[in-house]
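Visitor: Structure supplied as target.txt; contents: compact mmCIF, C-alpha atoms.
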# COMPACT_ATOMS: atom_id res chain seq x y z
CA MET L 214 80.54 62.11 -13.82
CA THR L 215 82.66 64.52 -15.81
CA SER L 216 83.64 63.78 -19.35
CA VAL L 217 87.27 63.40 -18.25
CA LEU L 218 86.43 60.75 -15.70
CA ALA L 219 84.02 59.04 -18.03
CA ALA L 220 86.78 58.84 -20.57
CA SER L 221 88.93 57.08 -18.00
CA LEU L 222 86.67 54.06 -18.31
CA LEU L 223 88.07 53.64 -21.77
CA LEU L 224 91.42 53.26 -20.04
CA ALA L 225 89.89 50.62 -17.75
CA ALA L 226 89.74 52.96 -14.77
CA GLY L 227 86.78 54.91 -13.47
CA CYS L 228 85.37 56.91 -10.58
CA SER L 229 82.29 56.75 -8.42
CA SER L 230 79.86 59.54 -7.71
CA GLY L 231 80.68 59.73 -4.02
CA GLY L 232 78.55 58.51 -1.16
CA ALA L 233 77.56 58.80 2.47
CA PRO L 234 79.80 60.23 5.18
CA ALA L 235 81.79 57.91 7.40
CA ARG L 236 79.76 55.86 9.84
CA ALA L 237 80.35 55.35 13.53
CA GLY L 238 83.02 52.71 13.96
CA SER L 239 84.89 53.65 10.80
CA PRO L 240 88.40 55.08 11.23
CA ALA L 241 87.30 58.45 9.85
CA ALA L 242 84.59 58.68 12.48
CA SER L 243 86.43 57.14 15.41
CA SER L 244 87.73 60.46 16.82
CA PRO L 245 85.17 63.13 15.89
CA GLY L 246 86.80 65.75 18.09
CA SER L 247 90.28 65.44 16.61
CA PRO L 248 91.35 67.80 13.82
CA ARG L 249 91.98 66.40 10.36
CA PRO L 250 94.75 67.67 8.09
CA SER L 251 93.77 69.85 5.17
CA VAL L 252 94.20 67.84 1.99
CA SER L 253 94.53 69.50 -1.39
CA THR L 254 93.74 67.73 -4.64
CA PRO L 255 96.94 66.29 -6.15
CA PRO L 256 97.96 67.17 -9.70
CA ALA L 257 96.37 65.12 -12.46
CA GLN L 258 99.76 63.91 -13.66
CA GLY L 259 102.32 62.49 -11.25
CA SER L 260 105.85 61.17 -11.49
CA VAL L 261 107.90 58.20 -10.31
CA THR L 262 111.69 57.97 -10.10
CA VAL L 263 113.54 54.87 -8.91
CA ALA L 264 116.02 56.49 -6.55
CA SER L 265 117.85 53.32 -5.50
CA THR L 266 117.68 49.59 -4.94
CA LEU L 267 117.68 48.83 -1.22
CA THR L 268 118.29 45.07 -1.44
CA THR L 269 118.21 42.17 -3.90
CA ASP L 270 117.95 38.37 -4.01
CA LEU L 271 114.90 38.08 -1.78
CA ILE L 272 112.92 34.82 -1.92
CA SER L 273 109.16 35.15 -2.43
CA PRO L 274 108.81 38.44 -0.48
CA TRP L 275 105.21 39.26 0.46
CA GLY L 276 104.43 41.32 3.56
CA VAL L 277 106.35 44.43 4.57
CA ALA L 278 106.04 46.49 7.75
CA ALA L 279 108.13 49.46 8.87
CA LEU L 280 109.69 49.53 12.32
CA PRO L 281 109.73 52.81 14.28
CA ASP L 282 113.32 53.48 13.19
CA GLY L 283 112.39 53.08 9.52
CA ASP L 284 113.88 49.63 8.96
CA LEU L 285 111.65 47.16 7.16
CA LEU L 286 110.40 43.74 8.21
CA VAL L 287 109.84 41.51 5.17
CA SER L 288 108.13 38.12 5.07
CA SER L 289 109.11 35.29 2.75
CA ARG L 290 105.94 33.49 1.67
CA ASP L 291 107.54 30.18 0.79
CA THR L 292 110.23 29.87 3.47
CA GLY L 293 108.23 31.22 6.42
CA LYS L 294 111.08 33.51 7.43
CA ILE L 295 110.95 37.15 8.50
CA TRP L 296 113.87 39.42 7.65
CA ARG L 297 114.85 42.86 8.84
CA VAL L 298 116.21 45.11 6.09
CA ALA L 299 118.02 48.26 7.17
CA ALA L 300 116.55 51.35 5.51
CA ASP L 301 120.08 52.77 5.38
CA GLY L 302 122.22 50.42 3.32
CA GLY L 303 119.92 47.41 3.06
CA ARG L 304 121.74 45.12 5.49
CA ARG L 305 119.63 42.02 6.14
CA THR L 306 119.13 40.24 9.45
CA GLU L 307 117.04 37.09 9.82
CA LEU L 308 114.58 37.31 12.71
CA GLY L 309 113.54 33.67 12.46
CA THR L 310 111.01 31.28 10.96
CA VAL L 311 107.34 31.47 11.93
CA PRO L 312 106.29 28.04 13.25
CA GLY L 313 103.32 26.33 11.62
CA VAL L 314 103.53 28.01 8.20
CA ALA L 315 102.43 25.59 5.45
CA PRO L 316 103.25 27.19 2.09
CA GLY L 317 101.39 26.02 -1.00
CA GLY L 318 99.86 27.73 -4.00
CA GLU L 319 99.18 31.32 -2.98
CA GLY L 320 99.42 30.49 0.73
CA GLY L 321 102.31 30.74 3.16
CA LEU L 322 103.71 33.55 5.28
CA LEU L 323 101.85 36.59 3.98
CA GLY L 324 101.14 39.96 5.62
CA LEU L 325 103.06 41.62 8.44
CA ALA L 326 102.13 44.45 10.79
CA VAL L 327 103.96 46.20 13.61
CA ALA L 328 101.83 46.92 16.66
CA PRO L 329 101.21 50.60 17.54
CA SER L 330 102.55 49.62 20.96
CA TYR L 331 105.79 48.21 19.50
CA GLY L 332 107.91 50.72 21.42
CA ARG L 333 107.01 49.04 24.70
CA ASP L 334 106.10 45.45 23.77
CA HIS L 335 107.93 44.72 20.46
CA GLN L 336 104.93 42.84 19.07
CA VAL L 337 104.98 41.85 15.40
CA TYR L 338 101.83 40.42 13.76
CA ALA L 339 101.81 37.93 10.90
CA TYR L 340 99.06 36.48 8.67
CA PHE L 341 99.92 32.98 7.50
CA THR L 342 98.60 29.72 6.11
CA THR L 343 98.73 26.54 8.19
CA GLU L 344 97.73 22.98 7.32
CA SER L 345 94.14 23.75 8.37
CA ASP L 346 93.45 27.48 7.96
CA ASN L 347 94.77 31.01 7.60
CA ARG L 348 95.39 32.76 10.90
CA ILE L 349 96.91 35.81 12.53
CA ALA L 350 99.46 35.52 15.30
CA ARG L 351 101.71 37.93 17.15
CA MET L 352 105.29 37.38 18.23
CA VAL L 353 107.78 39.32 20.32
CA HIS L 354 110.76 40.60 18.35
CA ASP L 355 113.82 40.53 20.59
CA GLU L 356 116.58 42.42 18.79
CA LYS L 357 119.15 41.46 21.45
CA LYS L 358 119.04 37.77 20.56
CA PRO L 359 121.22 36.25 17.83
CA ALA L 360 120.07 36.44 14.21
CA GLY L 361 117.61 33.68 13.39
CA ARG L 362 116.39 33.45 16.99
CA GLN L 363 114.77 36.85 17.48
CA LEU L 364 111.13 35.72 17.24
CA GLY L 365 109.17 34.62 20.28
CA ALA L 366 106.58 31.86 20.20
CA PRO L 367 103.45 32.77 18.19
CA ASP L 368 100.39 33.86 20.14
CA THR L 369 97.38 33.22 17.90
CA VAL L 370 94.91 36.12 17.96
CA LEU L 371 92.54 34.89 15.22
CA LYS L 372 92.20 31.54 13.50
CA GLY L 373 89.68 29.85 11.23
CA ILE L 374 90.12 32.06 8.17
CA PRO L 375 89.45 29.71 5.21
CA LYS L 376 92.52 28.59 3.23
CA GLY L 377 92.94 27.38 -0.33
CA GLN L 378 95.43 26.99 -3.14
CA VAL L 379 94.29 30.44 -4.30
CA HIS L 380 92.64 33.56 -2.86
CA ASN L 381 94.05 33.52 0.66
CA GLY L 382 94.01 37.31 1.01
CA GLY L 383 96.70 38.05 3.54
CA ARG L 384 97.21 41.79 3.97
CA ILE L 385 97.09 43.07 7.57
CA ALA L 386 97.55 46.60 8.91
CA PHE L 387 96.77 48.67 11.96
CA GLY L 388 94.41 51.54 11.21
CA PRO L 389 94.44 55.08 12.61
CA ASP L 390 92.02 53.80 15.26
CA LYS L 391 94.76 51.34 16.40
CA MET L 392 92.56 48.39 15.47
CA LEU L 393 93.93 45.53 13.35
CA TYR L 394 92.46 45.06 9.86
CA ALA L 395 92.86 42.02 7.61
CA GLY L 396 91.94 41.38 3.99
CA THR L 397 90.87 37.79 3.29
CA GLY L 398 89.98 35.76 0.21
CA GLU L 399 87.19 33.32 -0.60
CA THR L 400 89.66 30.52 -1.54
CA GLY L 401 87.84 29.95 -4.83
CA ASP L 402 84.63 29.04 -3.00
CA THR L 403 82.66 32.05 -4.19
CA GLY L 404 79.77 31.53 -1.78
CA LEU L 405 81.95 32.40 1.21
CA ALA L 406 82.11 36.07 0.18
CA GLN L 407 78.37 36.59 0.79
CA ASP L 408 78.24 34.40 3.94
CA LYS L 409 78.57 36.77 6.88
CA LYS L 410 79.35 33.84 9.19
CA SER L 411 82.47 33.00 7.19
CA LEU L 412 85.73 34.90 7.56
CA GLY L 413 86.51 34.34 3.87
CA GLY L 414 86.04 37.07 1.27
CA LYS L 415 85.94 39.82 3.90
CA ILE L 416 87.71 42.74 5.44
CA LEU L 417 88.06 42.06 9.16
CA ARG L 418 88.46 44.58 11.96
CA MET L 419 89.58 43.45 15.39
CA THR L 420 91.27 44.54 18.59
CA PRO L 421 94.99 43.81 18.94
CA ASP L 422 93.92 40.72 20.93
CA GLY L 423 91.76 39.46 18.04
CA GLY L 424 88.31 40.26 19.42
CA PRO L 425 85.54 42.15 17.58
CA ALA L 426 86.37 45.86 17.65
CA HIS L 427 83.91 48.35 19.13
CA GLY L 428 81.75 49.85 16.41
CA ASN L 429 81.83 46.84 14.08
CA PRO L 430 78.56 46.26 12.16
CA ASP L 431 77.89 43.14 14.27
CA ALA L 432 79.08 43.61 17.83
CA GLY L 433 79.96 39.92 18.10
CA SER L 434 81.86 39.62 14.81
CA VAL L 435 85.19 40.76 13.39
CA VAL L 436 83.58 41.07 9.91
CA TYR L 437 83.77 44.70 8.77
CA SER L 438 82.75 44.44 5.10
CA TYR L 439 81.88 41.54 2.82
CA GLY L 440 81.36 40.51 -0.79
CA HIS L 441 85.09 40.53 -1.57
CA ARG L 442 86.94 38.09 -3.85
CA ASN L 443 90.55 38.45 -2.70
CA VAL L 444 91.74 41.51 -0.79
CA GLN L 445 95.50 42.06 -0.71
CA GLY L 446 95.68 45.86 -0.40
CA LEU L 447 94.70 48.06 2.57
CA ALA L 448 95.53 51.75 3.10
CA TRP L 449 94.12 54.85 4.78
CA ASP L 450 94.10 58.32 3.28
CA ALA L 451 94.84 61.55 5.13
CA GLU L 452 91.21 61.81 6.24
CA GLY L 453 91.24 58.31 7.78
CA ARG L 454 89.20 56.64 5.03
CA LEU L 455 89.96 52.98 4.36
CA TRP L 456 90.76 51.89 0.79
CA ALA L 457 91.14 48.33 -0.43
CA ALA L 458 92.31 46.69 -3.65
CA GLU L 459 91.07 43.30 -4.77
CA PHE L 460 91.44 40.90 -7.65
CA GLY L 461 88.67 40.51 -10.18
CA GLN L 462 88.07 37.28 -12.02
CA ASN L 463 88.01 37.83 -15.78
CA THR L 464 86.86 41.41 -16.19
CA TRP L 465 87.56 44.06 -13.53
CA ASP L 466 90.04 44.50 -10.72
CA GLU L 467 88.84 47.03 -8.17
CA LEU L 468 89.85 49.84 -5.84
CA ASN L 469 87.13 50.23 -3.21
CA LEU L 470 86.36 52.80 -0.54
CA ILE L 471 85.42 50.66 2.46
CA GLU L 472 82.46 51.42 4.71
CA PRO L 473 81.40 49.22 7.63
CA GLY L 474 78.72 46.64 6.93
CA ARG L 475 78.60 47.24 3.18
CA ASN L 476 78.44 44.55 0.51
CA TYR L 477 81.03 44.85 -2.29
CA GLY L 478 79.24 42.45 -4.59
CA TRP L 479 81.33 39.37 -5.26
CA PRO L 480 80.33 36.97 -6.79
CA GLU L 481 77.07 38.66 -7.83
CA VAL L 482 78.81 41.57 -9.58
CA GLU L 483 82.29 42.44 -10.76
CA GLY L 484 83.19 46.06 -11.42
CA LYS L 485 80.84 49.03 -11.52
CA GLY L 486 77.72 50.24 -13.26
CA ARG L 487 75.40 47.32 -12.48
CA GLY L 488 72.81 49.61 -10.91
CA ASP L 489 72.09 47.34 -7.96
CA ALA L 490 71.66 49.33 -4.75
CA ARG L 491 72.58 46.29 -2.63
CA PHE L 492 76.21 46.52 -3.73
CA VAL L 493 78.90 49.20 -3.53
CA ASP L 494 80.54 50.17 -6.81
CA PRO L 495 84.34 50.41 -6.92
CA VAL L 496 85.83 53.88 -7.12
CA ALA L 497 88.18 52.72 -9.89
CA GLN L 498 88.53 49.57 -11.96
CA TRP L 499 91.05 47.97 -14.30
CA ALA L 500 91.11 45.15 -16.80
CA THR L 501 92.67 42.19 -14.99
CA ALA L 502 95.58 42.05 -17.45
CA ASP L 503 96.49 45.63 -16.51
CA ALA L 504 96.57 45.24 -12.75
CA SER L 505 95.87 42.12 -10.63
CA PRO L 506 96.52 44.34 -7.61
CA SER L 507 98.24 43.33 -4.41
CA GLY L 508 99.56 45.99 -2.01
CA ILE L 509 98.48 49.63 -1.92
CA ALA L 510 99.79 52.71 -0.11
CA TYR L 511 98.74 56.33 0.31
CA ALA L 512 101.21 59.13 -0.44
CA GLY L 513 100.99 62.65 -1.84
CA GLY L 514 97.21 62.67 -2.09
CA SER L 515 97.11 59.49 -4.19
CA ILE L 516 96.68 55.77 -3.73
CA TRP L 517 99.59 53.82 -5.19
CA MET L 518 98.76 50.25 -6.26
CA ALA L 519 101.20 47.45 -7.09
CA GLY L 520 100.20 45.23 -10.00
CA LEU L 521 101.21 41.58 -10.33
CA ARG L 522 99.99 40.42 -13.72
CA GLY L 523 99.94 44.03 -14.90
CA GLU L 524 103.62 44.51 -13.92
CA ARG L 525 103.14 48.20 -13.23
CA LEU L 526 102.57 50.70 -10.44
CA TRP L 527 99.30 52.62 -10.60
CA ARG L 528 98.81 56.13 -9.23
CA ILE L 529 95.19 56.98 -8.41
CA PRO L 530 94.84 60.68 -7.45
CA LEU L 531 92.02 61.36 -5.01
CA ALA L 532 89.60 64.18 -4.34
CA GLY L 533 87.89 63.05 -1.17
CA ARG L 534 85.90 59.92 -1.90
CA GLU L 535 86.45 60.05 -5.67
CA THR L 536 89.28 60.00 -8.17
CA SER L 537 90.34 63.46 -9.30
CA ALA L 538 91.87 62.32 -12.61
CA PRO L 539 92.31 59.06 -14.52
CA PRO L 540 94.74 56.59 -12.93
CA GLN L 541 98.27 56.71 -14.32
CA ALA L 542 100.63 53.74 -14.80
CA PHE L 543 104.39 53.72 -14.14
CA LEU L 544 107.26 51.21 -14.46
CA LYS L 545 105.29 49.07 -16.91
CA GLY L 546 107.21 45.83 -17.42
CA GLU L 547 110.46 47.29 -16.05
CA TYR L 548 110.67 45.23 -12.85
CA GLY L 549 108.20 42.43 -13.48
CA ARG L 550 105.49 41.55 -10.98
CA LEU L 551 104.96 44.09 -8.19
CA ARG L 552 103.69 42.78 -4.84
CA THR L 553 103.86 45.35 -2.07
CA VAL L 554 104.13 49.11 -1.77
CA VAL L 555 104.50 50.96 1.54
CA PRO L 556 105.18 54.59 2.52
CA ALA L 557 108.84 55.37 3.14
CA GLY L 558 108.12 58.04 5.74
CA ASP L 559 109.36 61.08 3.80
CA GLY L 560 106.73 61.14 1.07
CA GLY L 561 108.41 58.41 -0.96
CA LEU L 562 107.62 54.72 -1.30
CA TRP L 563 109.19 51.31 -0.91
CA LEU L 564 108.24 48.93 -3.73
CA VAL L 565 108.73 45.16 -3.55
CA THR L 566 108.86 42.93 -6.62
CA SER L 567 107.37 39.41 -6.80
CA ASN L 568 109.10 37.45 -9.54
CA THR L 569 110.11 34.44 -7.42
CA ASP L 570 106.52 33.58 -6.50
CA GLY L 571 106.23 30.80 -9.08
CA ARG L 572 104.39 32.96 -11.62
CA GLY L 573 107.04 35.44 -12.57
CA GLU L 574 110.17 35.25 -14.69
CA PRO L 575 113.02 36.01 -12.27
CA LYS L 576 115.96 38.03 -13.49
CA LYS L 577 119.34 38.35 -11.85
CA GLY L 578 118.85 40.11 -8.53
CA ASP L 579 115.18 39.23 -8.07
CA ASP L 580 113.41 39.80 -5.87
CA ARG L 581 114.26 43.33 -4.81
CA ILE L 582 113.11 46.35 -2.83
CA LEU L 583 113.18 49.67 -4.67
CA ARG L 584 113.17 53.15 -3.20
CA LEU L 585 110.86 55.47 -5.13
CA LYS L 586 110.49 59.23 -5.28
CA VAL L 587 106.90 60.03 -6.23
CA SER L 588 104.67 63.00 -6.78
Spit out the file's structure as structure tokens when you get a sec.

Guide:
Amino acid sequence: MTSVLAASLLLAAGCSSGGAPARAGSPAASSPGSPRPSVSTPPAQGSVTVASTLTTDLISPWGVAALPDGDLLVSSRDTGKIWRVAADGGRRTELGTVPGVAPGGEGGLLGLAVAPSYGRDHQVYAYFTTESDNRIARMVHDEKKPAGRQLGAPDTVLKGIPKGQVHNGGRIAFGPDKMLYAGTGETGDTGLAQDKKSLGGKILRMTPDGGPAHGNPDAGSVVYSYGHRNVQGLAWDAEGRLWAAEFGQNTWDELNLIEPGRNYGWPEVEGKGRGDARFVDPVAQWATADASPSGIAYAGGSIWMAGLRGERLWRIPLAGRETSAPPQAFLKGEYGRLRTVVPAGDGGLWLVTSNTDGRGEPKKGDDRILRLKVS
């Protein structure tokens, strides 16, 4: 570790010393014959400019997914509704309410994902809390129907994810291998994270129909990695590597490079430097007051991480499997709690605030979606 990166630990952010190449079944290894783009190391110092505010007055926004035309689908955790927000002008259209959502604590209507096959089947996926569990369902989005009635009946693809007042995870996304990934939480029952038979405290990888994806560590299981506390951020870099952000307890929040079948340590360890070969160290870490990370996105050679308690956007420049410079914070305290960040398609980002989630201090106009120019 260089002296620069070692010094970053003093700023509550560090780097790992690298690791093994991608395994079979990981997105980076799923198409060995396909060319990968050449990725240069981003500059050590980046920049963020708030170009515009797309929309305001959202209620408990959580998940965001981009449609092929660039418009955004946004979930409301506490109302169970999904909205379409036009990328040009911010006009909002209600798709409908997801049946069976039972909001409470940190649960409700959480992550959204648009199927890779959306152009032909218009399938939208949602992760949500019910009275008995967390689950993932897909629904047909029929744009020709009246506002409020554009969602078809839910088709459950995976159920039985543990639920709780806290630590419900909730982020879902389709990877470059066209498989569906989900970050889950251990609901405050720490033992679930190390129990491979439980879906809690895991990253899951499944087919679009909800079955175990080919190449998973256990052919009969959707569990992809374990030992997680509460995963709410998933993103892939330009080389197809999967990154995940998760909440620590009292000491360290983490950004992890995810490899199939690996153990990320919770509740046995929190943060890095424990010297236990059974567990994977995070690539970067933060004091919980500085981050409490939810969504992450990849843009311009960096991971961008939205902080809730930390009320700031973190830029983590990458050099392959490591950080190339200390993480850099932007927008500290300017917009309150930050929930979700997604690529805007032209190198920029969409950033969603989270001040109406019961833990923030809403200001006039909250919650909002911001358009960011980043480098």

Visitor: Ranking L:Arg552, L:His380, L:Lys391, L:Lys485 by minimum distance to Phe460 (chain L) and counting all atoms listed in the file, which one comes first?

Guide: L:His380

Visitor: Between L:Gln258, L:Val370, L:Ala386, L:Thr400, which residue has the minimum interatomic distance to Pro425 (chain L), considering all atoms listed in the file?

Guide: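 The answer is L:Val370, which sits nearest to Pro425 (chain L).
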
Visitor: Do you have the CA of His427 (chain L)-CA of Asn476 (chain L) distance handy?

Guide: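 Between CA of His427 (chain L) and CA of Asn476 (chain L) the gap works out to 19.8 Å.
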
Visitor: Which of these residues is nearest to Pro312 (chain L), using only C-alpha atoms: L:Ala350, L:Ala457, L:Val337, L:Leu286?

Guide: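 Answer, going by the shortest atom-to-atom distance: L:Ala350.
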
Visitor: Report the closest atom pair, with its distance in Å rounded to one decimal, for each residue of region 261-369 of chain L that has an atom no farther than 10 Å from region 435-456 of chain L; count all atoms listed in the file, sort by chain and then rising residue number, and write it as CSV.

Guide:
residue,atom,partner,partner_atom,distance
L:Gly276,CA,L:Gln445,CA,9.9
L:Leu323,CA,L:Gln445,CA,9.6
L:Gly324,CA,L:Gln445,CA,8.7

Visitor: Could you give me, as a PyMOL selection string, the residues within 8 Å of Ala504 (chain L), counting all atoms listed in the file and dropping anything in the same chain fewer than 5 positions from it?

Guide: chain L and resi 466+499+519-525

Visitor: Report, in Å to a single decimal, how far apart CA of Gly578 (chain L) and CA of Thr566 (chain L) are.

Guide: 10.6 Å

Visitor: So which residues touch Gln541 (chain L) within 9 Å, counting all atoms listed in the file, skipping near sequence neighbours fewer than 6 positions away, as a PyMOL selection string?

Guide: chain L and resi 257-259+526-530

Visitor: Considering only C-alpha atoms, state which residue in the set L:Arg362, L:Arg333, L:Arg550, L:Arg534 is at the smallest distance from Leu470 (chain L).

Guide: L:Arg534

Visitor: Which of these residues is nearest to Gly382 (chain L), using all atoms listed in the file: L:Gly433, L:Gly560, L:Gly303, L:Gly396?

Guide: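 The shortest atom-to-atom distance to Gly382 (chain L) comes from L:Gly396.
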
Visitor: Have a look at L:Asp368, L:Asp559, L:Val353, L:Thr569 and name the one nearest to Arg584 (chain L); count all atoms listed in the file.

Guide: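 Smallest distance to Arg584 (chain L) is found for L:Asp559.
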
Visitor: If we draw a sphere of 10 Å around (105.9, 47.2, 8.8), which residues have at least one atom in it when counting all atoms listed in the file? Please report them as an NGL selection string.

Guide: :L and (276-281 or 283-287 or 297 or 324-328 or 337-338 or 385-387 or 555-556)

Visitor: Using only C-alpha atoms, please write the residues we just selected to a file, as a PDB file, in the coordinates of the input.

Guide:
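Dumped everything to again.pdb:
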ATOM      1  CA  GLY L 276     104.430  41.320   3.560  1.00  0.00           C
ATOM      2  CA  VAL L 277     106.350  44.430   4.570  1.00  0.00           C
ATOM      3  CA  ALA L 278     106.040  46.490   7.750  1.00  0.00           C
ATOM      4  CA  ALA L 279     108.130  49.460   8.870  1.00  0.00           C
ATOM      5  CA  LEU L 280     109.690  49.530  12.320  1.00  0.00           C
ATOM      6  CA  PRO L 281     109.730  52.810  14.280  1.00  0.00           C
ATOM      7  CA  GLY L 283     112.390  53.080   9.520  1.00  0.00           C
ATOM      8  CA  ASP L 284     113.880  49.630   8.960  1.00  0.00           C
ATOM      9  CA  LEU L 285     111.650  47.160   7.160  1.00  0.00           C
ATOM     10  CA  LEU L 286     110.400  43.740   8.210  1.00  0.00           C
ATOM     11  CA  VAL L 287     109.840  41.510   5.170  1.00  0.00           C
ATOM     12  CA  ARG L 297     114.850  42.860   8.840  1.00  0.00           C
ATOM     13  CA  GLY L 324     101.140  39.960   5.620  1.00  0.00           C
ATOM     14  CA  LEU L 325     103.060  41.620   8.440  1.00  0.00           C
ATOM     15  CA  ALA L 326     102.130  44.450  10.790  1.00  0.00           C
ATOM     16  CA  VAL L 327     103.960  46.200  13.610  1.00  0.00           C
ATOM     17  CA  ALA L 328     101.830  46.920  16.660  1.00  0.00           C
ATOM     18  CA  VAL L 337     104.980  41.850  15.400  1.00  0.00           C
ATOM     19  CA  TYR L 338     101.830  40.420  13.760  1.00  0.00           C
ATOM     20  CA  ILE L 385      97.090  43.070   7.570  1.00  0.00           C
ATOM     21  CA  ALA L 386      97.550  46.600   8.910  1.00  0.00           C
ATOM     22  CA  PHE L 387      96.770  48.670  11.960  1.00  0.00           C
ATOM     23  CA  VAL L 555     104.500  50.960   1.540  1.00  0.00           C
ATOM     24  CA  PRO L 556     105.180  54.590   2.520  1.00  0.00           C
TER      25      PRO L 556
END

Visitor: How far is it from CA of Gly388 (chain L) to CA of Pro329 (chain L), in Å with one decimal?

Guide: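 CA of Pro329 (chain L) lies at a distance of 9.3 Å from CA of Gly388 (chain L).
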
Visitor: What's the 10 Å shell around Thr306 (chain L), counting all atoms listed in the file, without same-chain residues fewer than 5 positions away, as a ChimeraX atom specification?

Guide: /L:286,295-299,356,359-361,363

Visitor: Give me the box for region 486-503 of chain L as lines of an AutoDock Vina configuration file, namely the centre and edge lengths in Å to one decimal of a box along x, y and z that holds every listed atom plus 4 Å on each side.

Guide:
center_x = 84.1
center_y = 48.0
center_z = -10.0
size_x = 32.8
size_y = 19.8
size_z = 22.8

Visitor: Hey, what's within 6 Å of Ala315 (chain L) if we count only C-alpha atoms and toss same-chain stuff fewer than 4 positions away? As a PDB file with C-alpha atoms, keeping the file's coordinate frame, please?

Guide:
ATOM      1  CA  GLY L 321     102.310  30.740   3.160  1.00  0.00           C
ATOM      2  CA  THR L 342      98.600  29.720   6.110  1.00  0.00           C
ATOM      3  CA  THR L 343      98.730  26.540   8.190  1.00  0.00           C
ATOM      4  CA  GLU L 344      97.730  22.980   7.320  1.00  0.00           C
TER       5      GLU L 344
END

Visitor: Around the point (112.5, 57.3, -12.3), in the coordinates given by the file, pick out the residues reaching within 12 Å, counting all atoms listed in the file, and return them as a PyMOL selection string.

Guide: chain L and resi 259-266+543-545+547+583-588

Visitor: List the spatial neighbours of Ser537 (chain L) as a PyMOL selection string - criterion: any atom at most 8 Å away, all atoms listed in the file, same-chain residues fewer than 4 positions off excluded.

Guide: chain L and resi 218+254-255+257+530-532

Visitor: Go ahead and dump the residues you just picked, C-alpha atoms, as a PDB file, keeping the file's coordinate frame.

Guide:
ATOM      1  CA  LEU L 218      86.430  60.750 -15.700  1.00  0.00           C
ATOM      2  CA  THR L 254      93.740  67.730  -4.640  1.00  0.00           C
ATOM      3  CA  PRO L 255      96.940  66.290  -6.150  1.00  0.00           C
ATOM      4  CA  ALA L 257      96.370  65.120 -12.460  1.00  0.00           C
ATOM      5  CA  PRO L 530      94.840  60.680  -7.450  1.00  0.00           C
ATOM      6  CA  LEU L 531      92.020  61.360  -5.010  1.00  0.00           C
ATOM      7  CA  ALA L 532      89.600  64.180  -4.340  1.00  0.00           C
TER       8      ALA L 532
END
